[in-house]
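This is start_0.txt (compact mmCIF, N, CA and C atoms).
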# COMPACT_ATOMS: atom_id res chain seq x y z
N MET A 1 -28.71 -5.86 19.64
CA MET A 1 -27.50 -5.13 19.29
C MET A 1 -26.32 -5.71 20.08
N GLN A 2 -25.20 -5.88 19.38
CA GLN A 2 -24.03 -6.45 20.03
C GLN A 2 -23.22 -5.37 20.74
N VAL A 3 -22.46 -5.74 21.71
CA VAL A 3 -21.60 -4.82 22.44
C VAL A 3 -20.27 -4.74 21.70
N ALA A 4 -19.84 -3.53 21.34
CA ALA A 4 -18.58 -3.35 20.64
C ALA A 4 -17.42 -3.47 21.62
N THR A 5 -16.39 -4.18 21.22
CA THR A 5 -15.22 -4.31 22.08
C THR A 5 -14.14 -3.31 21.70
N GLU A 6 -14.20 -2.79 20.48
CA GLU A 6 -13.19 -1.84 20.03
C GLU A 6 -13.80 -0.99 18.92
N ILE A 7 -13.54 0.32 18.94
CA ILE A 7 -14.01 1.22 17.89
C ILE A 7 -12.80 1.97 17.35
N THR A 8 -12.67 1.97 16.03
CA THR A 8 -11.59 2.68 15.35
C THR A 8 -12.22 3.68 14.39
N THR A 9 -11.65 4.88 14.30
CA THR A 9 -12.19 5.94 13.45
C THR A 9 -11.22 6.23 12.31
N PHE A 10 -11.79 6.39 11.10
CA PHE A 10 -11.02 6.72 9.91
C PHE A 10 -11.72 7.83 9.15
N THR A 11 -10.96 8.54 8.34
CA THR A 11 -11.53 9.44 7.35
C THR A 11 -11.44 8.73 6.02
N CYS A 12 -12.56 8.59 5.35
CA CYS A 12 -12.59 7.86 4.08
C CYS A 12 -11.85 8.64 3.00
N ILE A 13 -11.10 7.93 2.16
CA ILE A 13 -10.36 8.55 1.07
C ILE A 13 -10.88 8.11 -0.30
N CYS A 14 -12.05 7.48 -0.33
CA CYS A 14 -12.57 6.95 -1.59
C CYS A 14 -13.14 8.02 -2.51
N CYS A 15 -13.56 9.14 -1.95
CA CYS A 15 -14.10 10.24 -2.77
C CYS A 15 -13.89 11.55 -2.01
N PRO A 16 -14.23 12.68 -2.61
CA PRO A 16 -14.01 13.98 -1.94
C PRO A 16 -14.85 14.24 -0.70
N LEU A 17 -15.88 13.43 -0.42
CA LEU A 17 -16.72 13.67 0.75
C LEU A 17 -15.96 13.54 2.05
N GLY A 18 -15.00 12.61 2.14
CA GLY A 18 -14.21 12.44 3.36
C GLY A 18 -15.05 12.05 4.56
N CYS A 19 -15.91 11.08 4.38
CA CYS A 19 -16.79 10.64 5.48
C CYS A 19 -15.98 10.20 6.69
N ARG A 20 -16.53 10.46 7.87
CA ARG A 20 -15.93 9.98 9.12
C ARG A 20 -16.49 8.60 9.37
N LEU A 21 -15.64 7.61 9.32
CA LEU A 21 -16.05 6.21 9.44
C LEU A 21 -15.69 5.68 10.81
N GLU A 22 -16.61 4.96 11.41
CA GLU A 22 -16.35 4.28 12.67
C GLU A 22 -16.49 2.79 12.45
N VAL A 23 -15.44 2.08 12.78
CA VAL A 23 -15.43 0.63 12.63
C VAL A 23 -15.43 0.02 14.01
N SER A 24 -16.38 -0.87 14.25
CA SER A 24 -16.44 -1.54 15.54
C SER A 24 -16.33 -3.03 15.34
N PHE A 25 -15.67 -3.66 16.30
CA PHE A 25 -15.47 -5.11 16.30
C PHE A 25 -16.27 -5.68 17.45
N GLY A 26 -17.23 -6.53 17.14
CA GLY A 26 -18.03 -7.15 18.18
C GLY A 26 -17.27 -8.29 18.85
N GLU A 27 -17.80 -8.74 19.96
CA GLU A 27 -17.18 -9.85 20.69
C GLU A 27 -17.10 -11.11 19.84
N ASP A 28 -18.05 -11.24 18.91
CA ASP A 28 -18.06 -12.42 18.03
C ASP A 28 -17.15 -12.25 16.82
N GLY A 29 -16.43 -11.12 16.74
CA GLY A 29 -15.51 -10.88 15.63
C GLY A 29 -16.15 -10.19 14.44
N GLN A 30 -17.44 -9.93 14.52
CA GLN A 30 -18.13 -9.27 13.42
C GLN A 30 -17.72 -7.81 13.35
N VAL A 31 -17.55 -7.30 12.12
CA VAL A 31 -17.12 -5.92 11.90
C VAL A 31 -18.32 -5.11 11.41
N GLU A 32 -18.53 -3.95 12.04
CA GLU A 32 -19.60 -3.05 11.62
C GLU A 32 -19.00 -1.69 11.29
N VAL A 33 -19.52 -1.06 10.22
CA VAL A 33 -19.05 0.26 9.80
C VAL A 33 -20.22 1.22 9.86
N GLU A 34 -19.97 2.40 10.42
CA GLU A 34 -20.98 3.47 10.46
C GLU A 34 -20.35 4.74 9.92
N GLY A 35 -21.19 5.58 9.31
CA GLY A 35 -20.74 6.87 8.82
C GLY A 35 -20.45 6.91 7.33
N ASN A 36 -20.45 5.76 6.67
CA ASN A 36 -20.17 5.75 5.24
C ASN A 36 -21.42 6.12 4.45
N THR A 37 -21.21 6.80 3.32
CA THR A 37 -22.34 7.13 2.45
C THR A 37 -22.38 6.22 1.22
N CYS A 38 -21.38 5.34 1.08
CA CYS A 38 -21.39 4.42 -0.06
C CYS A 38 -20.72 3.11 0.34
N ALA A 39 -20.91 2.10 -0.49
CA ALA A 39 -20.33 0.77 -0.22
C ALA A 39 -18.81 0.80 -0.29
N ARG A 40 -18.26 1.65 -1.17
CA ARG A 40 -16.79 1.74 -1.26
C ARG A 40 -16.20 2.20 0.06
N GLY A 41 -16.85 3.13 0.72
CA GLY A 41 -16.37 3.61 2.02
C GLY A 41 -16.40 2.52 3.07
N ALA A 42 -17.45 1.71 3.05
CA ALA A 42 -17.54 0.61 4.01
C ALA A 42 -16.43 -0.41 3.76
N ALA A 43 -16.19 -0.75 2.50
CA ALA A 43 -15.14 -1.72 2.17
C ALA A 43 -13.76 -1.16 2.55
N TYR A 44 -13.54 0.13 2.30
CA TYR A 44 -12.28 0.76 2.67
C TYR A 44 -12.06 0.68 4.18
N ALA A 45 -13.09 0.99 4.94
CA ALA A 45 -12.97 0.99 6.40
C ALA A 45 -12.64 -0.39 6.94
N VAL A 46 -13.31 -1.41 6.41
CA VAL A 46 -13.05 -2.78 6.87
C VAL A 46 -11.61 -3.17 6.55
N GLU A 47 -11.16 -2.88 5.33
CA GLU A 47 -9.78 -3.23 4.95
C GLU A 47 -8.77 -2.46 5.79
N GLU A 48 -9.01 -1.18 5.99
CA GLU A 48 -8.07 -0.35 6.75
C GLU A 48 -7.99 -0.80 8.21
N ALA A 49 -9.09 -1.27 8.74
CA ALA A 49 -9.11 -1.71 10.13
C ALA A 49 -8.55 -3.12 10.33
N THR A 50 -8.66 -3.96 9.31
CA THR A 50 -8.26 -5.36 9.48
C THR A 50 -6.95 -5.72 8.79
N ALA A 51 -6.69 -5.16 7.62
CA ALA A 51 -5.47 -5.52 6.87
C ALA A 51 -5.04 -4.35 6.00
N PRO A 52 -4.54 -3.26 6.61
CA PRO A 52 -4.16 -2.09 5.81
C PRO A 52 -3.00 -2.40 4.87
N SER A 53 -3.09 -1.82 3.67
CA SER A 53 -2.03 -2.02 2.68
C SER A 53 -1.79 -0.70 1.95
N ARG A 54 -0.62 -0.56 1.38
CA ARG A 54 -0.24 0.66 0.68
C ARG A 54 0.58 0.34 -0.56
N MET A 55 0.45 1.20 -1.58
CA MET A 55 1.36 1.18 -2.72
C MET A 55 2.66 1.83 -2.23
N VAL A 56 3.78 1.32 -2.70
CA VAL A 56 5.07 1.90 -2.33
C VAL A 56 5.73 2.40 -3.61
N THR A 57 6.20 3.63 -3.58
CA THR A 57 6.91 4.22 -4.71
C THR A 57 8.28 4.65 -4.25
N GLY A 58 9.21 4.74 -5.18
CA GLY A 58 10.55 5.17 -4.82
C GLY A 58 11.44 5.28 -6.05
N LEU A 59 12.72 5.36 -5.80
CA LEU A 59 13.72 5.43 -6.85
C LEU A 59 14.71 4.30 -6.66
N ALA A 60 15.22 3.78 -7.77
CA ALA A 60 16.25 2.74 -7.74
C ALA A 60 17.42 3.20 -8.59
N GLN A 61 18.59 2.86 -8.14
CA GLN A 61 19.79 3.18 -8.90
C GLN A 61 19.88 2.29 -10.14
N VAL A 62 20.43 2.85 -11.21
CA VAL A 62 20.68 2.09 -12.43
C VAL A 62 22.19 2.02 -12.60
N GLU A 63 22.72 0.80 -12.69
CA GLU A 63 24.17 0.60 -12.81
C GLU A 63 24.75 1.46 -13.94
N GLY A 64 25.80 2.21 -13.63
CA GLY A 64 26.51 3.01 -14.62
C GLY A 64 25.81 4.28 -15.04
N ARG A 65 24.71 4.64 -14.39
CA ARG A 65 23.95 5.84 -14.75
C ARG A 65 23.82 6.74 -13.53
N LEU A 66 23.80 8.04 -13.77
CA LEU A 66 23.55 8.99 -12.69
C LEU A 66 22.06 9.09 -12.41
N GLU A 67 21.27 8.93 -13.47
CA GLU A 67 19.82 9.07 -13.35
C GLU A 67 19.19 7.81 -12.76
N PRO A 68 18.49 7.93 -11.64
CA PRO A 68 17.79 6.76 -11.10
C PRO A 68 16.52 6.48 -11.90
N VAL A 69 15.90 5.36 -11.66
CA VAL A 69 14.64 5.03 -12.30
C VAL A 69 13.55 5.03 -11.22
N SER A 70 12.41 5.61 -11.54
CA SER A 70 11.29 5.59 -10.60
C SER A 70 10.64 4.21 -10.64
N VAL A 71 10.23 3.74 -9.47
CA VAL A 71 9.65 2.41 -9.35
C VAL A 71 8.42 2.46 -8.45
N LYS A 72 7.60 1.42 -8.54
CA LYS A 72 6.46 1.28 -7.65
C LYS A 72 6.13 -0.20 -7.50
N THR A 73 5.40 -0.51 -6.45
CA THR A 73 4.93 -1.88 -6.31
C THR A 73 3.76 -2.06 -7.28
N ALA A 74 3.64 -3.26 -7.83
CA ALA A 74 2.59 -3.53 -8.81
C ALA A 74 1.20 -3.54 -8.17
N SER A 75 1.15 -3.76 -6.88
CA SER A 75 -0.09 -3.71 -6.11
C SER A 75 0.28 -3.36 -4.67
N PRO A 76 -0.70 -3.04 -3.86
CA PRO A 76 -0.38 -2.66 -2.47
C PRO A 76 0.28 -3.81 -1.70
N VAL A 77 1.13 -3.43 -0.75
CA VAL A 77 1.77 -4.39 0.15
C VAL A 77 1.24 -4.14 1.56
N PRO A 78 1.30 -5.13 2.44
CA PRO A 78 0.84 -4.91 3.81
C PRO A 78 1.59 -3.72 4.44
N LYS A 79 0.85 -2.88 5.10
CA LYS A 79 1.41 -1.66 5.68
C LYS A 79 2.60 -1.95 6.59
N GLU A 80 2.53 -3.03 7.34
CA GLU A 80 3.62 -3.35 8.27
C GLU A 80 4.89 -3.78 7.54
N ARG A 81 4.83 -4.04 6.25
CA ARG A 81 6.01 -4.44 5.47
C ARG A 81 6.62 -3.28 4.67
N MET A 82 6.04 -2.10 4.76
CA MET A 82 6.52 -0.96 3.97
C MET A 82 7.99 -0.65 4.22
N ALA A 83 8.44 -0.65 5.46
CA ALA A 83 9.84 -0.33 5.77
C ALA A 83 10.76 -1.37 5.14
N ASP A 84 10.38 -2.63 5.14
CA ASP A 84 11.19 -3.68 4.52
C ASP A 84 11.28 -3.47 3.01
N VAL A 85 10.14 -3.13 2.40
CA VAL A 85 10.12 -2.89 0.95
C VAL A 85 10.99 -1.70 0.60
N LEU A 86 10.89 -0.63 1.37
CA LEU A 86 11.73 0.55 1.10
C LEU A 86 13.21 0.23 1.26
N ALA A 87 13.56 -0.59 2.23
CA ALA A 87 14.97 -1.01 2.39
C ALA A 87 15.43 -1.81 1.18
N ALA A 88 14.56 -2.66 0.66
CA ALA A 88 14.91 -3.44 -0.54
C ALA A 88 15.09 -2.53 -1.74
N LEU A 89 14.27 -1.47 -1.85
CA LEU A 89 14.43 -0.51 -2.95
C LEU A 89 15.75 0.25 -2.82
N ARG A 90 16.13 0.57 -1.59
CA ARG A 90 17.40 1.28 -1.36
C ARG A 90 18.58 0.45 -1.86
N ASP A 91 18.51 -0.86 -1.72
CA ASP A 91 19.60 -1.74 -2.12
C ASP A 91 19.52 -2.19 -3.58
N LEU A 92 18.41 -1.88 -4.26
CA LEU A 92 18.20 -2.34 -5.64
C LEU A 92 19.12 -1.61 -6.61
N ARG A 93 19.77 -2.36 -7.49
CA ARG A 93 20.60 -1.81 -8.56
C ARG A 93 20.14 -2.45 -9.86
N ALA A 94 19.45 -1.66 -10.68
CA ALA A 94 18.90 -2.17 -11.95
C ALA A 94 19.98 -2.15 -13.03
N LEU A 95 19.92 -3.10 -13.92
CA LEU A 95 20.84 -3.15 -15.05
C LEU A 95 20.20 -2.50 -16.26
N PRO A 96 20.91 -1.55 -16.91
CA PRO A 96 20.33 -0.88 -18.07
C PRO A 96 20.33 -1.81 -19.29
N PRO A 97 19.49 -1.57 -20.26
CA PRO A 97 18.45 -0.54 -20.26
C PRO A 97 17.24 -0.99 -19.44
N VAL A 98 16.51 -0.02 -18.92
CA VAL A 98 15.30 -0.29 -18.15
C VAL A 98 14.13 0.30 -18.91
N ALA A 99 13.10 -0.49 -19.15
CA ALA A 99 11.89 -0.01 -19.82
C ALA A 99 10.77 0.11 -18.81
N ALA A 100 9.92 1.08 -19.00
CA ALA A 100 8.74 1.24 -18.14
C ALA A 100 7.96 -0.07 -18.15
N GLY A 101 7.62 -0.55 -16.97
CA GLY A 101 6.88 -1.80 -16.85
C GLY A 101 7.74 -3.01 -16.56
N ASP A 102 9.06 -2.87 -16.71
CA ASP A 102 9.97 -3.99 -16.39
C ASP A 102 9.86 -4.34 -14.91
N VAL A 103 9.83 -5.63 -14.61
CA VAL A 103 9.88 -6.08 -13.22
C VAL A 103 11.34 -6.02 -12.79
N LEU A 104 11.64 -5.17 -11.82
CA LEU A 104 13.01 -5.00 -11.35
C LEU A 104 13.29 -5.83 -10.10
N LEU A 105 12.24 -6.18 -9.38
CA LEU A 105 12.39 -6.98 -8.18
C LEU A 105 11.11 -7.80 -8.00
N ALA A 106 11.21 -9.09 -8.27
CA ALA A 106 10.04 -9.96 -8.15
C ALA A 106 9.81 -10.36 -6.70
N ASP A 107 8.57 -10.45 -6.31
CA ASP A 107 8.18 -10.93 -4.98
C ASP A 107 8.98 -10.22 -3.88
N VAL A 108 8.93 -8.90 -3.89
CA VAL A 108 9.70 -8.11 -2.93
C VAL A 108 9.36 -8.52 -1.50
N CYS A 109 10.38 -8.84 -0.75
CA CYS A 109 10.26 -9.20 0.67
C CYS A 109 9.23 -10.30 0.92
N ALA A 110 9.10 -11.22 -0.02
CA ALA A 110 8.17 -12.35 0.08
C ALA A 110 6.72 -11.90 0.29
N THR A 111 6.36 -10.77 -0.31
CA THR A 111 4.99 -10.26 -0.21
C THR A 111 4.11 -10.77 -1.34
N GLY A 112 4.74 -11.36 -2.38
CA GLY A 112 3.99 -11.76 -3.56
C GLY A 112 3.77 -10.63 -4.54
N VAL A 113 4.39 -9.48 -4.28
CA VAL A 113 4.21 -8.30 -5.10
C VAL A 113 5.54 -7.94 -5.78
N ASP A 114 5.47 -7.61 -7.07
CA ASP A 114 6.65 -7.21 -7.82
C ASP A 114 6.87 -5.70 -7.75
N VAL A 115 8.13 -5.29 -7.89
CA VAL A 115 8.47 -3.89 -8.03
C VAL A 115 8.75 -3.65 -9.51
N VAL A 116 8.07 -2.66 -10.11
CA VAL A 116 8.20 -2.39 -11.53
C VAL A 116 8.71 -0.98 -11.77
N ALA A 117 9.39 -0.81 -12.91
CA ALA A 117 9.87 0.51 -13.32
C ALA A 117 8.68 1.31 -13.84
N THR A 118 8.66 2.60 -13.55
CA THR A 118 7.58 3.45 -14.04
C THR A 118 8.04 4.39 -15.16
N LYS A 119 9.31 4.29 -15.52
CA LYS A 119 9.82 5.05 -16.67
C LYS A 119 10.97 4.27 -17.28
N SER A 120 11.41 4.71 -18.43
CA SER A 120 12.52 4.05 -19.12
C SER A 120 13.81 4.82 -18.91
N VAL A 121 14.90 4.07 -18.77
CA VAL A 121 16.24 4.66 -18.66
C VAL A 121 17.14 3.85 -19.57
N ARG A 122 17.78 4.53 -20.52
CA ARG A 122 18.68 3.83 -21.45
C ARG A 122 19.98 3.47 -20.81

This structure in structure tokens:
Amino acid sequence: MQVATEITTFTCICCPLGCRLEVSFGEDGQVEVEGNTCARGAAYAVEEATAPSRMVTGLAQVEGRLEPVSVKTASPVPKERMADVLAALRDLRALPPVAAGDVLLADVCATGVDVVATKSVR
């Protein structure tokens, strides 16, 4: 058995069970997960401990309209970049008309992820 150098605890969000997951990092860099009842929980714990990412949602202004358009990232962005992405959304001004699914901001903050509209605004 290897000696753990660091242990991090998470509550799994993959299903309603909410397993208490413990992730340990061995001296050799190997990651071990305990407490999961399924493979999805183990994969979640490893990702959350090594490279956490989140979907970002928000509102963007539409030029000449009072009604903003709801937007989201097309896929999760690194958690440490969330504040940068939100700042980019704050400065975003979409040109009407906007259709649901339109890419309003490509490669937001050089993350490789697009920001898309989630509704239409004429």

Using DSSP on the backbone coordinates, identify all residues within segment 28-77 of chain A classified as alpha helix (DSSP H); present the result as a PDB file with N, CA and C atoms, in the coordinates of the input.
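The result, stored in part.pdb:
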ATOM      1  N   ALA A  39     -20.910   2.100  -0.490  1.00  0.00           N
ATOM      2  CA  ALA A  39     -20.330   0.770  -0.220  1.00  0.00           C
ATOM      3  C   ALA A  39     -18.810   0.800  -0.290  1.00  0.00           C
ATOM      4  N   ARG A  40     -18.260   1.650  -1.170  1.00  0.00           N
ATOM      5  CA  ARG A  40     -16.790   1.740  -1.260  1.00  0.00           C
ATOM      6  C   ARG A  40     -16.200   2.200   0.060  1.00  0.00           C
ATOM      7  N   GLY A  41     -16.850   3.130   0.720  1.00  0.00           N
ATOM      8  CA  GLY A  41     -16.370   3.610   2.020  1.00  0.00           C
ATOM      9  C   GLY A  41     -16.400   2.520   3.070  1.00  0.00           C
ATOM     10  N   ALA A  42     -17.450   1.710   3.050  1.00  0.00           N
ATOM     11  CA  ALA A  42     -17.540   0.610   4.010  1.00  0.00           C
ATOM     12  C   ALA A  42     -16.430  -0.410   3.760  1.00  0.00           C
ATOM     13  N   ALA A  43     -16.190  -0.750   2.500  1.00  0.00           N
ATOM     14  CA  ALA A  43     -15.140  -1.720   2.170  1.00  0.00           C
ATOM     15  C   ALA A  43     -13.760  -1.160   2.550  1.00  0.00           C
ATOM     16  N   TYR A  44     -13.540   0.130   2.300  1.00  0.00           N
ATOM     17  CA  TYR A  44     -12.280   0.760   2.670  1.00  0.00           C
ATOM     18  C   TYR A  44     -12.060   0.680   4.180  1.00  0.00           C
ATOM     19  N   ALA A  45     -13.090   0.990   4.940  1.00  0.00           N
ATOM     20  CA  ALA A  45     -12.970   0.990   6.400  1.00  0.00           C
ATOM     21  C   ALA A  45     -12.640  -0.390   6.940  1.00  0.00           C
ATOM     22  N   VAL A  46     -13.310  -1.410   6.410  1.00  0.00           N
ATOM     23  CA  VAL A  46     -13.050  -2.780   6.870  1.00  0.00           C
ATOM     24  C   VAL A  46     -11.610  -3.170   6.550  1.00  0.00           C
ATOM     25  N   GLU A  47     -11.160  -2.880   5.330  1.00  0.00           N
ATOM     26  CA  GLU A  47      -9.780  -3.230   4.950  1.00  0.00           C
ATOM     27  C   GLU A  47      -8.770  -2.460   5.790  1.00  0.00           C
ATOM     28  N   GLU A  48      -9.010  -1.180   5.990  1.00  0.00           N
ATOM     29  CA  GLU A  48      -8.070  -0.350   6.750  1.00  0.00           C
ATOM     30  C   GLU A  48      -7.990  -0.800   8.210  1.00  0.00           C
ATOM     31  N   ALA A  49      -9.090  -1.270   8.740  1.00  0.00           N
ATOM     32  CA  ALA A  49      -9.110  -1.710  10.130  1.00  0.00           C
ATOM     33  C   ALA A  49      -8.550  -3.120  10.330  1.00  0.00           C
ATOM     34  N   THR A  50      -8.660  -3.960   9.310  1.00  0.00           N
ATOM     35  CA  THR A  50      -8.260  -5.360   9.480  1.00  0.00           C
ATOM     36  C   THR A  50      -6.950  -5.720   8.790  1.00  0.00           C
TER      37      THR A  50
END

Residue contacts of segment 109-120 of chain A (5 Å, all atoms listed in the file) excluding same-chain residues fewer than 6 positions away, as an mmCIF file with N, CA and C atoms, in the frame of the given file:
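As written to disk, part_7.cif reads:
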data_model
loop_
_atom_site.group_PDB
_atom_site.id
_atom_site.type_symbol
_atom_site.label_atom_id
_atom_site.label_comp_id
_atom_site.auth_asym_id
_atom_site.auth_seq_id
_atom_site.Cartn_x
_atom_site.Cartn_y
_atom_site.Cartn_z
ATOM 1 N N SER A 70 12.410 5.610 -11.540
ATOM 2 C CA SER A 70 11.290 5.590 -10.600
ATOM 3 C C SER A 70 10.640 4.210 -10.640
ATOM 4 N N VAL A 71 10.230 3.740 -9.470
ATOM 5 C CA VAL A 71 9.650 2.410 -9.350
ATOM 6 C C VAL A 71 8.420 2.460 -8.450
ATOM 7 N N LYS A 72 7.600 1.420 -8.540
ATOM 8 C CA LYS A 72 6.460 1.280 -7.650
ATOM 9 C C LYS A 72 6.130 -0.200 -7.500
ATOM 10 N N THR A 73 5.400 -0.510 -6.450
ATOM 11 C CA THR A 73 4.930 -1.880 -6.310
ATOM 12 C C THR A 73 3.760 -2.060 -7.280
ATOM 13 N N ALA A 74 3.640 -3.260 -7.830
ATOM 14 C CA ALA A 74 2.590 -3.530 -8.810
ATOM 15 C C ALA A 74 1.200 -3.540 -8.170
ATOM 16 N N VAL A 98 16.510 -0.020 -18.920
ATOM 17 C CA VAL A 98 15.300 -0.290 -18.150
ATOM 18 C C VAL A 98 14.130 0.300 -18.910
ATOM 19 N N ALA A 99 13.100 -0.490 -19.150
ATOM 20 C CA ALA A 99 11.890 -0.010 -19.820
ATOM 21 C C ALA A 99 10.770 0.110 -18.810
ATOM 22 N N ALA A 100 9.920 1.080 -19.000
ATOM 23 C CA ALA A 100 8.740 1.240 -18.140
ATOM 24 C C ALA A 100 7.960 -0.070 -18.150
ATOM 25 N N GLY A 101 7.620 -0.550 -16.970
ATOM 26 C CA GLY A 101 6.880 -1.800 -16.850
ATOM 27 C C GLY A 101 7.740 -3.010 -16.560
ATOM 28 N N ASP A 102 9.060 -2.870 -16.710
ATOM 29 C CA ASP A 102 9.970 -3.990 -16.390
ATOM 30 C C ASP A 102 9.860 -4.340 -14.910
ATOM 31 N N VAL A 103 9.830 -5.630 -14.610
ATOM 32 C CA VAL A 103 9.880 -6.080 -13.220
ATOM 33 C C VAL A 103 11.340 -6.020 -12.790
#

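Between atom CA of Gly58 of chain A and atom CA of Pro97 of chain A the interatomic distance comes to 18.3 Å.
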
Please, which residues in segment 44-63 of chain A fall within 7 Å of segment 77-87 of chain A when counting all atoms listed in the file, and what is the closest atom pair and distance in Å to one decimal for each, ordered by chain then residue number, as JSON lines?
{"residue": "A:Ala51", "atom": "C", "partner": "A:Lys79", "partner_atom": "N", "distance": 6.1}
{"residue": "A:Pro52", "atom": "C", "partner": "A:Lys79", "partner_atom": "N", "distance": 3.9}
{"residue": "A:Ser53", "atom": "CA", "partner": "A:Lys79", "partner_atom": "N", "distance": 3.9}
{"residue": "A:Arg54", "atom": "C", "partner": "A:Val77", "partner_atom": "N", "distance": 3.8}
{"residue": "A:Met55", "atom": "N", "partner": "A:Val77", "partner_atom": "N", "distance": 4.8}
{"residue": "A:Val56", "atom": "N", "partner": "A:Val77", "partner_atom": "N", "distance": 5.8}

Kindly save the residues from that selection, with N, CA and C atoms included, as a tab-separated table (two decimals), in the coordinates of the input.
chain	number	residue	atom	x	y	z
A	51	ALA	N	-6.69	-5.16	7.62
A	51	ALA	CA	-5.47	-5.52	6.87
A	51	ALA	C	-5.04	-4.35	6.00
A	52	PRO	N	-4.54	-3.26	6.61
A	52	PRO	CA	-4.16	-2.09	5.81
A	52	PRO	C	-3.00	-2.40	4.87
A	53	SER	N	-3.09	-1.82	3.67
A	53	SER	CA	-2.03	-2.02	2.68
A	53	SER	C	-1.79	-0.70	1.95
A	54	ARG	N	-0.62	-0.56	1.38
A	54	ARG	CA	-0.24	0.66	0.68
A	54	ARG	C	0.58	0.34	-0.56
A	55	MET	N	0.45	1.20	-1.58
A	55	MET	CA	1.36	1.18	-2.72
A	55	MET	C	2.66	1.83	-2.23
A	56	VAL	N	3.78	1.32	-2.70
A	56	VAL	CA	5.07	1.90	-2.33
A	56	VAL	C	5.73	2.40	-3.61

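Among the candidates A:Cys19, A:Ala42, A:Cys12, A:Val108, the one nearest to Pro76 of chain A when counting only C-alpha atoms is A:Val108.
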
Kindly provide, as lines of an AutoDock Vina configuration file, the centre and edge lengths (Å, one decimal) of an axis-aligned box around all atoms of segment 82-99 of chain A given in the file, with 4 Å on each side.
center_x = 13.5
center_y = -1.2
center_z = -7.2
size_x = 22.9
size_y = 13.0
size_z = 34.0

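In this comparison, which uses only C-alpha atoms, the residue of A:Thr8, A:Val69, A:Asp91, A:Val62 approaching Thr50 of chain A most closely is A:Thr8.
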
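For the pair atom CA of Gly26 of chain A and atom CA of Glu47 of chain A, the interatomic distance is 16.1 Å.
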
Checklist outcome for this item: In Å and to one decimal, atom N of Ala49 of chain A is distant from atom CA of Asp107 of chain A by 24.1 Å

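Of the residues listed (A:Glu27, A:Thr37, A:Tyr44, A:Ala94), A:Tyr44 shows the shortest atom-to-atom separation from Cys14 of chain A; distances use only C-alpha atoms.
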
Item to check | Ref. answer, residues at most 8 Å from (-18.4, 9.0, 0.8) with all atoms listed in the file, as a ChimeraX atom specification | outcome: /A:12-20,35-42

As a compact mmCIF listing (two decimals) with N, CA and C atoms, in the coordinates of the input, please: every residue in segment 16-80 of chain A that a backbone DSSP assignment puts in strand (DSSP E or B).
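See part.txt below for the written result:
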# COMPACT_ATOMS: atom_id res chain seq x y z
N ARG A 20 -16.53 10.46 7.87
CA ARG A 20 -15.93 9.98 9.12
C ARG A 20 -16.49 8.60 9.37
N LEU A 21 -15.64 7.61 9.32
CA LEU A 21 -16.05 6.21 9.44
C LEU A 21 -15.69 5.68 10.81
N GLU A 22 -16.61 4.96 11.41
CA GLU A 22 -16.35 4.28 12.67
C GLU A 22 -16.49 2.79 12.45
N VAL A 23 -15.44 2.08 12.78
CA VAL A 23 -15.43 0.63 12.63
C VAL A 23 -15.43 0.02 14.01
N SER A 24 -16.38 -0.87 14.25
CA SER A 24 -16.44 -1.54 15.54
C SER A 24 -16.33 -3.03 15.34
N PHE A 25 -15.67 -3.66 16.30
CA PHE A 25 -15.47 -5.11 16.30
C PHE A 25 -16.27 -5.68 17.45
N GLY A 26 -17.23 -6.53 17.14
CA GLY A 26 -18.03 -7.15 18.18
C GLY A 26 -17.27 -8.29 18.85
N VAL A 31 -17.55 -7.30 12.12
CA VAL A 31 -17.12 -5.92 11.90
C VAL A 31 -18.32 -5.11 11.41
N GLU A 32 -18.53 -3.95 12.04
CA GLU A 32 -19.60 -3.05 11.62
C GLU A 32 -19.00 -1.69 11.29
N VAL A 33 -19.52 -1.06 10.22
CA VAL A 33 -19.05 0.26 9.80
C VAL A 33 -20.22 1.22 9.86
N GLU A 34 -19.97 2.40 10.42
CA GLU A 34 -20.98 3.47 10.46
C GLU A 34 -20.35 4.74 9.92
N SER A 53 -3.09 -1.82 3.67
CA SER A 53 -2.03 -2.02 2.68
C SER A 53 -1.79 -0.70 1.95
N ARG A 54 -0.62 -0.56 1.38
CA ARG A 54 -0.24 0.66 0.68
C ARG A 54 0.58 0.34 -0.56
N THR A 57 6.20 3.63 -3.58
CA THR A 57 6.91 4.22 -4.71
C THR A 57 8.28 4.65 -4.25
N GLY A 58 9.21 4.74 -5.18
CA GLY A 58 10.55 5.17 -4.82
C GLY A 58 11.44 5.28 -6.05
N LEU A 59 12.72 5.36 -5.80
CA LEU A 59 13.72 5.43 -6.85
C LEU A 59 14.71 4.30 -6.66
N ALA A 60 15.22 3.78 -7.77
CA ALA A 60 16.25 2.74 -7.74
C ALA A 60 17.42 3.20 -8.59
N GLN A 61 18.59 2.86 -8.14
CA GLN A 61 19.79 3.18 -8.90
C GLN A 61 19.88 2.29 -10.14
N VAL A 62 20.43 2.85 -11.21
CA VAL A 62 20.68 2.09 -12.43
C VAL A 62 22.19 2.02 -12.60
N VAL A 69 15.90 5.36 -11.66
CA VAL A 69 14.64 5.03 -12.30
C VAL A 69 13.55 5.03 -11.22
N SER A 70 12.41 5.61 -11.54
CA SER A 70 11.29 5.59 -10.60
C SER A 70 10.64 4.21 -10.64
N VAL A 71 10.23 3.74 -9.47
CA VAL A 71 9.65 2.41 -9.35
C VAL A 71 8.42 2.46 -8.45
N LYS A 72 7.60 1.42 -8.54
CA LYS A 72 6.46 1.28 -7.65
C LYS A 72 6.13 -0.20 -7.50
N THR A 73 5.40 -0.51 -6.45
CA THR A 73 4.93 -1.88 -6.31
C THR A 73 3.76 -2.06 -7.28
N VAL A 77 1.13 -3.43 -0.75
CA VAL A 77 1.77 -4.39 0.15
C VAL A 77 1.24 -4.14 1.56
N PRO A 78 1.30 -5.13 2.44
CA PRO A 78 0.84 -4.91 3.81
C PRO A 78 1.59 -3.72 4.44

Checklist entry - From the set A:Leu89, A:Val33, A:Leu95, A:Val46, which residue has the shortest atom-to-atom contact distance to Ala60 of chain A, counting all atoms listed in the file? => result A:Leu89
